[in-house]
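K.L.:
Dropping a structure here in structure tokens format, bear with me for questions.
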Amino acid sequence: MYKLSLIVNGKNVDLEVEGRTLLVQVLRNHIRLTGTHVGCDTSQCGACTVHLEGVAVKSCSVLALSCNGMAVTTIEGISLKGELHPLQEAFRENHGLQCGFCTPGMVMSSLDMIRRIGSDLDEKTIREQLEGNICRCTGYHNIVKAIQEGSNTLASQKPLDS
């Protein structure tokens, strides 16, 4: 067993894990944050997407020990003062989900997309950027609409530090 220290959703977490433990296993099984889903175990579906030091990663392909001392943000950590994050709200309002299994990964990947590219996202860009996230229910049309609306909402909000 190895000691592992993480900052998960702003809180310090110290635990012991085996060397082969994946980040998704730590989040779901050790810390009990089950919003991060395991869909394929092969890093293809994106349901396990979280932010590691502010960058989207597929947590099913990251060894937990390689994250020692790093900050991890999960879907549970993006709400603002108990309210849905604007992107989550946009998914809800635009029916960008059906069964909801892929939704946490879609939201986390979309937030990273907005961080990297900006809020002026066209349909083609969104579809290309979501290539690593699979939804087996919706056909993506409403997911794209939700991301466009959510990114526009985020762009119109004042920065938190002003």
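To be explicit about the labels: the chains of the structure tokens are called A, B, and onward in the order shown, and within each one the residues are counted from 1, while ligands get numbers from 1 in the order they are shown.
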What's the 9 Å shell around Asp120 (chain A), counting only C-alpha atoms, without same-chain residues fewer than 2 positions away, as an mmCIF file with N, CA and C atoms, in the first residue's frame?
P.N.:
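The new file part-v7.cif reads:
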```cif
data_model
loop_
_atom_site.group_PDB
_atom_site.id
_atom_site.type_symbol
_atom_site.label_atom_id
_atom_site.label_comp_id
_atom_site.auth_asym_id
_atom_site.auth_seq_id
_atom_site.Cartn_x
_atom_site.Cartn_y
_atom_site.Cartn_z
ATOM 1 N N ILE A 114 -14.391 24.597 -23.395
ATOM 2 C CA ILE A 114 -14.618 26.038 -23.274
ATOM 3 C C ILE A 114 -13.361 26.730 -22.749
ATOM 4 N N ILE A 117 -10.778 26.588 -25.862
ATOM 5 C CA ILE A 117 -11.137 27.204 -27.138
ATOM 6 C C ILE A 117 -11.854 28.535 -26.964
ATOM 7 N N GLY A 118 -12.572 28.672 -25.865
ATOM 8 C CA GLY A 118 -13.378 29.868 -25.657
ATOM 9 C C GLY A 118 -14.846 29.545 -25.812
ATOM 10 N N ASP A 122 -18.970 26.660 -32.476
ATOM 11 C CA ASP A 122 -19.958 26.260 -33.474
ATOM 12 C C ASP A 122 -20.195 24.750 -33.369
ATOM 13 N N GLN A 148 -23.532 24.884 -26.446
ATOM 14 C CA GLN A 148 -23.554 26.244 -26.996
ATOM 15 C C GLN A 148 -24.215 27.206 -26.018
ATOM 16 N N SER A 151 -21.998 27.616 -22.818
ATOM 17 C CA SER A 151 -20.790 28.424 -23.051
ATOM 18 C C SER A 151 -21.154 29.895 -23.198
ATOM 19 N N ASN A 152 -22.286 30.192 -23.827
ATOM 20 C CA ASN A 152 -22.741 31.586 -23.943
ATOM 21 C C ASN A 152 -23.081 32.161 -22.568
ATOM 22 N N ALA A 155 -19.881 32.896 -20.757
ATOM 23 C CA ALA A 155 -19.202 34.068 -21.321
ATOM 24 C C ALA A 155 -19.839 35.357 -20.852
#
```
K.L.:
Neighbouring residues of region 41-53 of chain A were defined as those with any atom within 7 Å, considering only C-alpha atoms; residues of the same chain fewer than 2 positions away were excluded. Please report them as a list in words.
P.N.:
Val24, Thr36, His37, Val38, Gly39, Val55, Ala56, Val57, Lys58, Ser59, Cys60, Ser61, Met70, Ala71, Val72, Thr73, Thr74, Cys102, Pro104, Gly105, Met108, Ser109, Gly132, Asn133 and Ile134 of chain A
K.L.:
Go ahead and dump the residues you just picked, N, CA and C atoms, as a short mmCIF file (atom, residue, chain, number, x, y, z; two decimals), in the first residue's frame.
P.N.:
```
data_model
loop_
_atom_site.label_atom_id
_atom_site.label_comp_id
_atom_site.auth_asym_id
_atom_site.auth_seq_id
_atom_site.Cartn_x
_atom_site.Cartn_y
_atom_site.Cartn_z
N VAL A 24 -10.09 6.73 -11.15
CA VAL A 24 -11.54 6.52 -11.10
C VAL A 24 -11.92 5.62 -9.93
N THR A 36 -18.60 10.28 -11.21
CA THR A 36 -17.63 9.88 -12.24
C THR A 36 -17.92 8.43 -12.57
N HIS A 37 -18.31 8.16 -13.80
CA HIS A 37 -18.76 6.82 -14.18
C HIS A 37 -17.68 6.02 -14.90
N VAL A 38 -17.80 4.72 -14.82
CA VAL A 38 -16.95 3.80 -15.56
C VAL A 38 -17.81 3.18 -16.65
N GLY A 39 -17.50 3.51 -17.89
CA GLY A 39 -18.33 3.01 -18.98
C GLY A 39 -17.67 1.96 -19.84
N VAL A 55 -7.27 20.31 -16.13
CA VAL A 55 -7.30 19.77 -17.48
C VAL A 55 -8.10 18.47 -17.49
N ALA A 56 -8.97 18.31 -18.48
CA ALA A 56 -9.78 17.10 -18.57
C ALA A 56 -8.91 15.88 -18.83
N VAL A 57 -9.15 14.82 -18.03
CA VAL A 57 -8.49 13.53 -18.22
C VAL A 57 -9.52 12.43 -18.05
N LYS A 58 -9.26 11.31 -18.67
CA LYS A 58 -10.11 10.14 -18.49
C LYS A 58 -9.52 9.37 -17.31
N SER A 59 -10.24 9.42 -16.20
CA SER A 59 -9.70 8.90 -14.95
C SER A 59 -9.56 7.38 -14.92
N CYS A 60 -10.13 6.69 -15.90
CA CYS A 60 -9.96 5.23 -15.96
C CYS A 60 -8.60 4.85 -16.53
N SER A 61 -7.86 5.83 -17.02
CA SER A 61 -6.55 5.53 -17.61
C SER A 61 -5.41 6.22 -16.86
N MET A 70 -1.93 16.45 -6.35
CA MET A 70 -2.62 17.23 -7.37
C MET A 70 -4.07 17.50 -7.00
N ALA A 71 -4.64 18.49 -7.70
CA ALA A 71 -6.05 18.85 -7.52
C ALA A 71 -6.90 18.13 -8.56
N VAL A 72 -7.98 17.51 -8.08
CA VAL A 72 -8.94 16.81 -8.93
C VAL A 72 -10.30 17.45 -8.73
N THR A 73 -10.96 17.74 -9.84
CA THR A 73 -12.33 18.24 -9.76
C THR A 73 -13.23 17.25 -10.47
N THR A 74 -14.29 16.84 -9.76
CA THR A 74 -15.26 15.92 -10.32
C THR A 74 -16.55 16.68 -10.60
N CYS A 102 -23.66 9.28 -19.45
CA CYS A 102 -22.51 9.98 -20.06
C CYS A 102 -22.43 11.44 -19.63
N PRO A 104 -22.08 13.38 -16.85
CA PRO A 104 -20.98 13.98 -16.09
C PRO A 104 -19.70 14.13 -16.92
N GLY A 105 -19.37 13.11 -17.68
CA GLY A 105 -18.19 13.19 -18.53
C GLY A 105 -18.33 14.21 -19.64
N MET A 108 -17.88 17.67 -17.99
CA MET A 108 -16.49 17.93 -17.64
C MET A 108 -15.64 18.16 -18.90
N SER A 109 -15.87 17.38 -19.94
CA SER A 109 -15.15 17.57 -21.21
C SER A 109 -15.52 18.91 -21.84
N GLY A 132 -14.14 12.02 -28.08
CA GLY A 132 -13.78 11.04 -27.06
C GLY A 132 -14.86 10.79 -26.02
N ASN A 133 -16.06 11.29 -26.26
CA ASN A 133 -17.18 11.09 -25.34
C ASN A 133 -18.33 10.45 -26.10
N ILE A 134 -18.76 9.31 -25.62
CA ILE A 134 -19.81 8.56 -26.31
C ILE A 134 -21.12 8.66 -25.54
#
```
K.L.:
Which one of A:Ser66, A:Phe91, A:Gly77, A:Lys124 sits closest to Thr34 (chain A) if you count only C-alpha atoms?
P.N.:
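Closest to Thr34 (chain A), using only C-alpha atoms: A:Gly77.
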K.L.:
For CA of Thr103 (chain A) and CA of Gln157 (chain A), determine how far apart the two atoms are, in Å to one decimal place.
P.N.:
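Atom-to-atom, CA of Thr103 (chain A) to CA of Gln157 (chain A), that is 22.9 Å.
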K.L.:
Please list as a PyMOL selection string every residue within 9 Å of Arg20 (chain A), counting only C-alpha atoms and excluding residues in the same chain fewer than 2 positions away.
P.N.:
chain A and resi 17-18+22+63-65
K.L.:
Write out as a tab-separated table (two decimals) with N, CA and C atoms, in the first residue's frame each polymer residue whose atoms come within 9 Å of Gly69 (chain A), counting only C-alpha atoms; drop sequence neighbours fewer than 3 positions from it.
P.N.:
```tsv
chain	number	residue	atom	x	y	z
A	4	LEU	N	-1.36	8.28	-0.56
A	4	LEU	CA	-1.80	9.15	-1.64
A	4	LEU	C	-2.48	10.36	-1.04
A	5	SER	N	-2.06	11.54	-1.47
A	5	SER	CA	-2.70	12.79	-1.05
A	5	SER	C	-3.22	13.50	-2.28
A	6	LEU	N	-4.48	13.87	-2.23
A	6	LEU	CA	-5.12	14.60	-3.32
A	6	LEU	C	-5.90	15.77	-2.74
A	7	ILE	N	-6.19	16.72	-3.60
A	7	ILE	CA	-7.15	17.77	-3.26
A	7	ILE	C	-8.33	17.52	-4.19
A	66	SER	N	0.08	8.59	-9.61
A	66	SER	CA	0.70	9.60	-10.47
A	66	SER	C	0.09	10.98	-10.22
```
K.L.:
Can you tell me how far CA of Asn29 (chain A) sits from CA of Val13 (chain A), in Å to one decimal?
P.N.:
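For CA of Asn29 (chain A) relative to CA of Val13 (chain A), the distance reads 13.4 Å.
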K.L.:
Where does DSSP see helix (DSSP H, G or I) in region 21-154 of chain A, if you list the residues as a PyMOL selection string?
P.N.:
chain A and resi 23-30+59-61+64-67+75-77+86-93+103-117+123-129+141-154
K.L.:
Given only C-alpha atoms as the basis, pick out the residue of A:Val26, A:Cys99, A:Leu84, A:Leu154 nearest to Val8 (chain A).
P.N.:
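Looking only at the distances to Val8 (chain A), the closest residue turns out to be A:Val26.
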K.L.:
Got a sec: who's within 12 Å of Arg92 (chain A), counting only C-alpha atoms, leaving out chain neighbours fewer than 3 positions off, as JSON, numbers by chain?
P.N.:
{"A": [84, 85, 86, 87, 88, 89, 95, 96, 97, 98, 100, 103, 107, 142, 143, 145, 146, 147, 149, 150]}
K.L.:
Go ahead and dump the residues you just picked, C-alpha atoms, as an mmCIF file, in the first residue's frame.
P.N.:
```cif
data_model
loop_
_atom_site.group_PDB
_atom_site.id
_atom_site.type_symbol
_atom_site.label_atom_id
_atom_site.label_comp_id
_atom_site.auth_asym_id
_atom_site.auth_seq_id
_atom_site.Cartn_x
_atom_site.Cartn_y
_atom_site.Cartn_z
ATOM 1 C CA LEU A 84 -26.273 23.642 -10.749
ATOM 2 C CA HIS A 85 -23.315 24.902 -12.742
ATOM 3 C CA PRO A 86 -24.525 26.931 -15.770
ATOM 4 C CA LEU A 87 -23.403 24.144 -18.094
ATOM 5 C CA GLN A 88 -25.303 21.550 -16.067
ATOM 6 C CA GLU A 89 -28.353 23.807 -16.176
ATOM 7 C CA HIS A 95 -32.638 18.006 -22.844
ATOM 8 C CA GLY A 96 -28.972 17.187 -23.463
ATOM 9 C CA LEU A 97 -29.324 13.923 -21.602
ATOM 10 C CA GLN A 98 -31.533 10.891 -21.511
ATOM 11 C CA GLY A 100 -27.643 10.527 -17.800
ATOM 12 C CA THR A 103 -23.603 13.401 -18.813
ATOM 13 C CA VAL A 107 -20.068 18.270 -18.867
ATOM 14 C CA ASN A 142 -29.339 18.454 -27.835
ATOM 15 C CA ILE A 143 -25.905 17.968 -26.255
ATOM 16 C CA LYS A 145 -27.272 22.868 -28.141
ATOM 17 C CA ALA A 146 -26.648 22.581 -24.399
ATOM 18 C CA ILE A 147 -22.927 23.225 -24.775
ATOM 19 C CA GLU A 149 -26.053 27.711 -24.528
ATOM 20 C CA GLY A 150 -23.902 26.900 -21.507
#
```
K.L.:
At what distance in Å, to one decimal, does CA of Lys81 (chain A) lie from CA of Ser156 (chain A)?
P.N.:
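Distance reported for this atom pair: 18.5 Å.
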K.L.:
Hey, which of A:Gln129, A:Ser79, A:Asn68, A:Ser119 ends up closest to Leu23 (chain A)? Count only C-alpha atoms.
P.N.:
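Closest to Leu23 (chain A), using only C-alpha atoms: A:Asn68.
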K.L.:
Going by DSSP on the backbone, which bits of chain A are strand (DSSP E or B)? Write them as number ranges by chain, please.
P.N.:
A: 2-8, 11-17, 22, 49-52, 55-58, 63, 71-73, 80, 83
K.L.:
Would you mind exporting the chosen residues as a compact mmCIF listing (two decimals), in the first residue's frame, restricted to N, CA and C atoms?
P.N.:
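What landed in selection_13.txt:
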```
# COMPACT_ATOMS: atom_id res chain seq x y z
N TYR A 2 0.39 2.27 -0.69
CA TYR A 2 1.12 3.53 -0.82
C TYR A 2 0.24 4.67 -0.33
N LYS A 3 0.87 5.68 0.24
CA LYS A 3 0.14 6.87 0.69
C LYS A 3 -0.15 7.76 -0.51
N LEU A 4 -1.36 8.28 -0.56
CA LEU A 4 -1.80 9.15 -1.64
C LEU A 4 -2.48 10.36 -1.04
N SER A 5 -2.06 11.54 -1.47
CA SER A 5 -2.70 12.79 -1.05
C SER A 5 -3.22 13.50 -2.28
N LEU A 6 -4.48 13.87 -2.23
CA LEU A 6 -5.12 14.60 -3.32
C LEU A 6 -5.90 15.77 -2.74
N ILE A 7 -6.19 16.72 -3.60
CA ILE A 7 -7.15 17.77 -3.26
C ILE A 7 -8.33 17.52 -4.19
N VAL A 8 -9.40 17.00 -3.64
CA VAL A 8 -10.57 16.62 -4.44
C VAL A 8 -11.69 17.60 -4.16
N LYS A 11 -11.05 19.83 -1.24
CA LYS A 11 -10.82 19.24 0.09
C LYS A 11 -9.62 18.30 0.04
N ASN A 12 -8.77 18.37 1.07
CA ASN A 12 -7.63 17.47 1.18
C ASN A 12 -8.11 16.06 1.49
N VAL A 13 -7.56 15.10 0.77
CA VAL A 13 -7.90 13.69 0.97
C VAL A 13 -6.60 12.92 1.06
N ASP A 14 -6.43 12.19 2.15
CA ASP A 14 -5.26 11.33 2.35
C ASP A 14 -5.75 9.90 2.50
N LEU A 15 -5.15 8.97 1.76
CA LEU A 15 -5.55 7.59 1.85
C LEU A 15 -4.41 6.70 1.43
N GLU A 16 -4.60 5.40 1.58
CA GLU A 16 -3.63 4.42 1.13
C GLU A 16 -4.25 3.61 0.02
N VAL A 17 -3.45 3.39 -1.04
CA VAL A 17 -3.94 2.64 -2.19
C VAL A 17 -2.86 1.69 -2.68
N LEU A 22 -6.49 2.87 -10.06
CA LEU A 22 -6.77 3.94 -11.00
C LEU A 22 -7.46 5.11 -10.29
N THR A 49 -14.51 11.18 -17.21
CA THR A 49 -13.74 12.42 -17.34
C THR A 49 -13.86 13.28 -16.09
N VAL A 50 -12.70 13.70 -15.60
CA VAL A 50 -12.58 14.64 -14.48
C VAL A 50 -11.52 15.66 -14.88
N HIS A 51 -11.35 16.68 -14.05
CA HIS A 51 -10.27 17.64 -14.29
C HIS A 51 -9.14 17.36 -13.31
N LEU A 52 -7.96 17.21 -13.84
CA LEU A 52 -6.75 17.01 -13.05
C LEU A 52 -5.89 18.24 -13.25
N VAL A 55 -7.27 20.31 -16.13
CA VAL A 55 -7.30 19.77 -17.48
C VAL A 55 -8.10 18.47 -17.49
N ALA A 56 -8.97 18.31 -18.48
CA ALA A 56 -9.78 17.10 -18.57
C ALA A 56 -8.91 15.88 -18.83
N VAL A 57 -9.15 14.82 -18.03
CA VAL A 57 -8.49 13.53 -18.22
C VAL A 57 -9.52 12.43 -18.05
N LYS A 58 -9.26 11.31 -18.67
CA LYS A 58 -10.11 10.14 -18.49
C LYS A 58 -9.52 9.37 -17.31
N LEU A 63 -3.20 6.34 -13.33
CA LEU A 63 -2.88 5.72 -12.06
C LEU A 63 -2.99 6.77 -10.96
N ALA A 71 -4.64 18.49 -7.70
CA ALA A 71 -6.05 18.85 -7.52
C ALA A 71 -6.90 18.13 -8.56
N VAL A 72 -7.98 17.51 -8.08
CA VAL A 72 -8.94 16.81 -8.93
C VAL A 72 -10.30 17.45 -8.73
N THR A 73 -10.96 17.74 -9.84
CA THR A 73 -12.33 18.24 -9.76
C THR A 73 -13.23 17.25 -10.47
N LEU A 80 -22.15 25.66 -8.03
CA LEU A 80 -21.84 26.97 -7.48
C LEU A 80 -22.82 27.29 -6.37
N GLU A 83 -26.04 25.42 -6.28
CA GLU A 83 -26.85 25.48 -7.51
C GLU A 83 -26.12 24.72 -8.62
```
